[in-house]
Amino acid sequence: MAGVAQPMDIVERAASLSLVPVPPKEGKMEAVKMAATVETAAEVFLTFPALNRTLTVSYLFSGVHITTCSTQGTIAITFDDGPYLYTSKLLDILAKYEAKTTFFVNGRNWGNSRDAPYPAILRRMIADGHQIGSHTDNHLDLNAIDSARRRQQMAGVEELTRDLFGYFPTYMRPPFGRCNAACQADMASLGYHVIMWNIDTLDYDNNTPETIQNSLDVFDQEVAANATGKYISLEHDVHRTTVDVLAEHVLKTALGRGYKVTTVGECLGDPVGNWYRNATTGEPVSGDGSGSNPGGEGPGGENPGGETPGGGSPGGGGPTLEVSPDGTCAGTSGGKYTCLGSWAGDCCSEWGWW
């Protein structure tokens, strides 16, 4: 990049090329850091991770534009753009209400999901029983880029989740809710369900203490009484006011009106094993599409990776290890646990998680 531009010039330059969004207020510095590499971004994202994308099963809803749950009396509260500074607190709130939700995550947006503490937050999402979907790597407008770059945007989150879990999601939400016919065709070819919403709380426009009441009012007005509706609701965990004010309000309101608060996958009646694909085999995480999930502590069946549990280190010949109860293994567990045969999947990660 010739010369050194002032921060705002860098951000505006990035936005003009549709390479990164320009988030308001506290997200500004992330845009500046990402925009600093704008001239090489196209080359950076040309490398696809070595994933098996062969569609060996027929997934429900692939490529379909979905706006609502299929089961009356359910509401899928969804959070986009994270993980970010407030996501851990949000997970605490969800745990308090024993509510399961879907997080549509970015690779590099407000935060870089590959940098601490975000990998641990993503692992907690799965451990707590939430669903992770893709919101693309850099939150680009998928209608404004070509097919190759759309695939690159999906590959970024696939690589992220592969490294953490050994699998990647089959659910995605397009940034800005924009996915035209060409985009939907690309998503179908990759085996993705395109998830939209029928309640938009507008929390991104009401992200101050003075205006957040507007989002509370939207939710209250849209959700029918006595669990007579079915909804997918849009929120963003990157805004402090969403986590501090809106999240608990929507949970109390939904539960108080008799709704089951659940993940998008469950509210559509899709077996949990179909929410993810094994990065090595391309199969549903459960291996047979049944979505069996003993204990409800994560996706997949008893042995998602297809390996023999407790069979020692990935290289073989090592001591017999216990199957990890929480996904920790390798150096992070003092050599005690293996992920082989656990719900965390057969993965190998720079973070010390197999």
# chains A, B, ... in the order shown; residues from 1 in each chain; ligands from 1
$ select_by_dssp --residues "region 60-192 of chain A" --states "strand (DSSP E or B)" --output "list in words"
His65, Ile66, Thr74, Ile75, Ala76, Ile77, Thr78, Phe79, Asp80, Thr102, Phe103, Phe104, Val105, Arg108, Asn112, Gln131, Ile132, Gly133, Ser134, Tyr167, Phe168, Pro169, Tyr171 and Met172 of chain A
$ residues_around --residues "Leu122 (chain A)" --least-positions-apart "6" --cutoff "12 Å" --atoms "only C-alpha atoms" --output "PyMOL selection string"
chain A and resi 82-84+87-88+91+102-107+112-116+128-133+157+160-165+327+344
$ write_last_selection --atoms "C-alpha atoms" --output "PDB file, in the first residue's frame"
ATOM      1  CA  GLY A  82     -19.700 -12.077  17.033  1.00  0.00           C
ATOM      2  CA  PRO A  83     -18.049 -13.340  19.006  1.00  0.00           C
ATOM      3  CA  TYR A  84     -17.114 -10.071  20.641  1.00  0.00           C
ATOM      4  CA  THR A  87     -20.593 -12.594  24.178  1.00  0.00           C
ATOM      5  CA  SER A  88     -19.383 -14.276  27.381  1.00  0.00           C
ATOM      6  CA  LEU A  91     -23.759 -16.897  27.410  1.00  0.00           C
ATOM      7  CA  THR A 102     -28.031 -19.874  17.341  1.00  0.00           C
ATOM      8  CA  PHE A 103     -24.930 -17.737  16.881  1.00  0.00           C
ATOM      9  CA  PHE A 104     -24.083 -16.725  13.314  1.00  0.00           C
ATOM     10  CA  VAL A 105     -20.401 -15.982  13.679  1.00  0.00           C
ATOM     11  CA  ASN A 106     -17.839 -14.140  11.580  1.00  0.00           C
ATOM     12  CA  GLY A 107     -14.192 -15.005  11.218  1.00  0.00           C
ATOM     13  CA  ASN A 112     -10.883 -11.795  15.100  1.00  0.00           C
ATOM     14  CA  SER A 113     -12.383 -15.151  16.072  1.00  0.00           C
ATOM     15  CA  ARG A 114      -8.964 -16.799  15.798  1.00  0.00           C
ATOM     16  CA  ASP A 115      -7.513 -14.634  18.581  1.00  0.00           C
ATOM     17  CA  ALA A 116      -7.971 -15.179  22.327  1.00  0.00           C
ATOM     18  CA  ASP A 128     -23.552 -25.064  26.389  1.00  0.00           C
ATOM     19  CA  GLY A 129     -25.694 -26.621  23.652  1.00  0.00           C
ATOM     20  CA  HIS A 130     -26.013 -23.641  21.332  1.00  0.00           C
ATOM     21  CA  GLN A 131     -25.812 -23.831  17.551  1.00  0.00           C
ATOM     22  CA  ILE A 132     -23.069 -22.130  15.538  1.00  0.00           C
ATOM     23  CA  GLY A 133     -23.800 -20.995  12.006  1.00  0.00           C
ATOM     24  CA  VAL A 157     -15.584 -19.829   8.826  1.00  0.00           C
ATOM     25  CA  LEU A 160     -12.134 -21.638  11.765  1.00  0.00           C
ATOM     26  CA  THR A 161     -14.641 -24.226  12.981  1.00  0.00           C
ATOM     27  CA  ARG A 162     -12.677 -27.119  11.504  1.00  0.00           C
ATOM     28  CA  ASP A 163      -9.624 -26.106  13.523  1.00  0.00           C
ATOM     29  CA  LEU A 164     -11.663 -25.828  16.726  1.00  0.00           C
ATOM     30  CA  PHE A 165     -14.077 -28.732  16.388  1.00  0.00           C
ATOM     31  CA  GLY A 327     -12.974 -30.731  24.394  1.00  0.00           C
ATOM     32  CA  ALA A 344     -15.757 -32.113  20.123  1.00  0.00           C
TER      33      ALA A 344
END
$ select_by_dssp --residues "region 132-252 of chain A" --states "helix (DSSP H, G or I)" --output "MDAnalysis selection string"
chainID A and resid 142:144 147:165 175:177 181:189 213:222 225:227 240:252
$ residues_around --residues "Met196 (chain A)" --least-positions-apart "6" --cutoff "9 Å" --atoms "only C-alpha atoms" --output "PDB file with N, CA, C and O atoms, in the first residue's frame"
ATOM      1  N   HIS A  65     -34.299 -20.192   1.207  1.00  0.00           N
ATOM      2  CA  HIS A  65     -34.365 -18.915   1.924  1.00  0.00           C
ATOM      3  C   HIS A  65     -35.399 -19.060   3.042  1.00  0.00           C
ATOM      4  O   HIS A  65     -36.601 -19.067   2.796  1.00  0.00           O
ATOM      5  N   ILE A  66     -34.952 -19.188   4.299  1.00  0.00           N
ATOM      6  CA  ILE A  66     -35.831 -19.507   5.429  1.00  0.00           C
ATOM      7  C   ILE A  66     -35.996 -18.291   6.320  1.00  0.00           C
ATOM      8  O   ILE A  66     -35.014 -17.665   6.732  1.00  0.00           O
ATOM      9  N   THR A  67     -37.241 -17.954   6.648  1.00  0.00           N
ATOM     10  CA  THR A  67     -37.505 -16.768   7.460  1.00  0.00           C
ATOM     11  C   THR A  67     -38.164 -17.066   8.796  1.00  0.00           C
ATOM     12  O   THR A  67     -38.219 -16.183   9.658  1.00  0.00           O
ATOM     13  N   THR A  68     -38.663 -18.283   8.998  1.00  0.00           N
ATOM     14  CA  THR A  68     -39.392 -18.550  10.233  1.00  0.00           C
ATOM     15  C   THR A  68     -39.240 -20.014  10.643  1.00  0.00           C
ATOM     16  O   THR A  68     -38.848 -20.863   9.835  1.00  0.00           O
ATOM     17  N   MET A 172     -26.183 -20.908   7.498  1.00  0.00           N
ATOM     18  CA  MET A 172     -25.527 -19.622   7.321  1.00  0.00           C
ATOM     19  C   MET A 172     -26.568 -18.507   7.265  1.00  0.00           C
ATOM     20  O   MET A 172     -27.737 -18.743   6.957  1.00  0.00           O
ATOM     21  N   ARG A 173     -26.110 -17.312   7.613  1.00  0.00           N
ATOM     22  CA  ARG A 173     -26.937 -16.116   7.429  1.00  0.00           C
ATOM     23  C   ARG A 173     -26.127 -15.109   6.624  1.00  0.00           C
ATOM     24  O   ARG A 173     -25.011 -14.762   7.008  1.00  0.00           O
ATOM     25  N   PRO A 174     -26.659 -14.627   5.520  1.00  0.00           N
ATOM     26  CA  PRO A 174     -25.906 -13.666   4.715  1.00  0.00           C
ATOM     27  C   PRO A 174     -25.846 -12.294   5.389  1.00  0.00           C
ATOM     28  O   PRO A 174     -26.853 -11.832   5.936  1.00  0.00           O
ATOM     29  N   GLY A 177     -28.555  -9.515   5.306  1.00  0.00           N
ATOM     30  CA  GLY A 177     -29.726 -10.231   4.816  1.00  0.00           C
ATOM     31  C   GLY A 177     -29.811 -10.264   3.301  1.00  0.00           C
ATOM     32  O   GLY A 177     -30.898 -10.437   2.745  1.00  0.00           O
ATOM     33  N   ILE A 232     -38.161 -16.469  13.966  1.00  0.00           N
ATOM     34  CA  ILE A 232     -36.712 -16.360  14.041  1.00  0.00           C
ATOM     35  C   ILE A 232     -36.425 -14.880  14.253  1.00  0.00           C
ATOM     36  O   ILE A 232     -36.810 -14.040  13.433  1.00  0.00           O
ATOM     37  N   SER A 233     -35.779 -14.562  15.363  1.00  0.00           N
ATOM     38  CA  SER A 233     -35.558 -13.178  15.759  1.00  0.00           C
ATOM     39  C   SER A 233     -34.096 -12.802  15.592  1.00  0.00           C
ATOM     40  O   SER A 233     -33.199 -13.579  15.938  1.00  0.00           O
ATOM     41  N   LEU A 234     -33.853 -11.602  15.074  1.00  0.00           N
ATOM     42  CA  LEU A 234     -32.503 -11.116  14.770  1.00  0.00           C
ATOM     43  C   LEU A 234     -31.995 -10.164  15.841  1.00  0.00           C
ATOM     44  O   LEU A 234     -32.615  -9.138  16.127  1.00  0.00           O
TER      45      LEU A 234
END
$ closest_residue --among "A:Ala224, A:Cys267, A:Val218, A:Ala182" --to "Ile199 (chain A)" --atoms "only C-alpha atoms"
A:Val218
$ residues_around --residues "Asp217 (chain A)" --least-positions-apart "6" --cutoff "12 Å" --atoms "only C-alpha atoms" --output "list in words"
Ile199, Asp200, Thr201, Leu202, Asp203, Asn206, Thr211, Val223, Leu246, His249, Val250 and Thr253 of chain A
$ write_last_selection --atoms "N, CA and C atoms" --output "PDB file, in the first residue's frame"
ATOM      1  N   ILE A 199     -38.511 -11.470  12.636  1.00  0.00           N
ATOM      2  CA  ILE A 199     -38.497 -10.369  13.610  1.00  0.00           C
ATOM      3  C   ILE A 199     -37.116  -9.739  13.571  1.00  0.00           C
ATOM      4  N   ASP A 200     -37.066  -8.467  13.282  1.00  0.00           N
ATOM      5  CA  ASP A 200     -35.819  -7.701  13.339  1.00  0.00           C
ATOM      6  C   ASP A 200     -35.962  -6.692  14.467  1.00  0.00           C
ATOM      7  N   THR A 201     -35.237  -6.910  15.557  1.00  0.00           N
ATOM      8  CA  THR A 201     -35.355  -6.018  16.715  1.00  0.00           C
ATOM      9  C   THR A 201     -34.709  -4.660  16.488  1.00  0.00           C
ATOM     10  N   LEU A 202     -33.955  -4.514  15.398  1.00  0.00           N
ATOM     11  CA  LEU A 202     -33.294  -3.243  15.074  1.00  0.00           C
ATOM     12  C   LEU A 202     -32.337  -2.798  16.179  1.00  0.00           C
ATOM     13  N   ASP A 203     -31.743  -3.788  16.855  1.00  0.00           N
ATOM     14  CA  ASP A 203     -30.838  -3.434  17.957  1.00  0.00           C
ATOM     15  C   ASP A 203     -29.599  -2.693  17.477  1.00  0.00           C
ATOM     16  N   ASN A 206     -30.523   0.852  17.542  1.00  0.00           N
ATOM     17  CA  ASN A 206     -30.927   1.324  18.879  1.00  0.00           C
ATOM     18  C   ASN A 206     -29.917   0.893  19.930  1.00  0.00           C
ATOM     19  N   THR A 211     -31.943   4.654  23.426  1.00  0.00           N
ATOM     20  CA  THR A 211     -32.782   4.180  22.319  1.00  0.00           C
ATOM     21  C   THR A 211     -33.132   2.694  22.372  1.00  0.00           C
ATOM     22  N   VAL A 223     -44.223 -10.453  18.829  1.00  0.00           N
ATOM     23  CA  VAL A 223     -44.424 -11.813  19.348  1.00  0.00           C
ATOM     24  C   VAL A 223     -45.854 -11.968  19.857  1.00  0.00           C
ATOM     25  N   LEU A 246     -31.450  -5.909  26.140  1.00  0.00           N
ATOM     26  CA  LEU A 246     -32.392  -6.587  25.259  1.00  0.00           C
ATOM     27  C   LEU A 246     -32.453  -8.092  25.471  1.00  0.00           C
ATOM     28  N   HIS A 249     -34.616  -9.321  28.283  1.00  0.00           N
ATOM     29  CA  HIS A 249     -36.006  -8.938  28.022  1.00  0.00           C
ATOM     30  C   HIS A 249     -36.669  -9.893  27.032  1.00  0.00           C
ATOM     31  N   VAL A 250     -35.988 -10.218  25.935  1.00  0.00           N
ATOM     32  CA  VAL A 250     -36.617 -11.102  24.947  1.00  0.00           C
ATOM     33  C   VAL A 250     -36.799 -12.502  25.511  1.00  0.00           C
ATOM     34  N   THR A 253     -39.813 -12.306  27.899  1.00  0.00           N
ATOM     35  CA  THR A 253     -41.051 -12.123  27.140  1.00  0.00           C
ATOM     36  C   THR A 253     -41.449 -13.410  26.428  1.00  0.00           C
TER      37      THR A 253
END
$ residues_around --residues "Met154 (chain A)" --least-positions-apart "4" --cutoff "10 Å" --atoms "only C-alpha atoms" --output "MDAnalysis selection string"
chainID A and resid 48 106:107 134:138 149:150 158:159 169 172 187 190 192
$ residues_around --residues "Thr101 (chain A)" --least-positions-apart "4" --cutoff "7 Å" --atoms "only C-alpha atoms" --output "number ranges by chain"
A: 76-78, 130-131, 262-263
$ atom_distance --atom1 "CA of Lys260 (chain A)" --atom2 "CA of Lys96 (chain A)"
15.0 Å
$ atom_distance --atom1 "CA of Thr228 (chain A)" --atom2 "CA of Lys100 (chain A)"
19.9 Å
$ closest_residue --among "A:Gly256, A:Pro209, A:Gly191, A:Gly265" --to "Asn226 (chain A)" --atoms "only C-alpha atoms"
A:Gly256
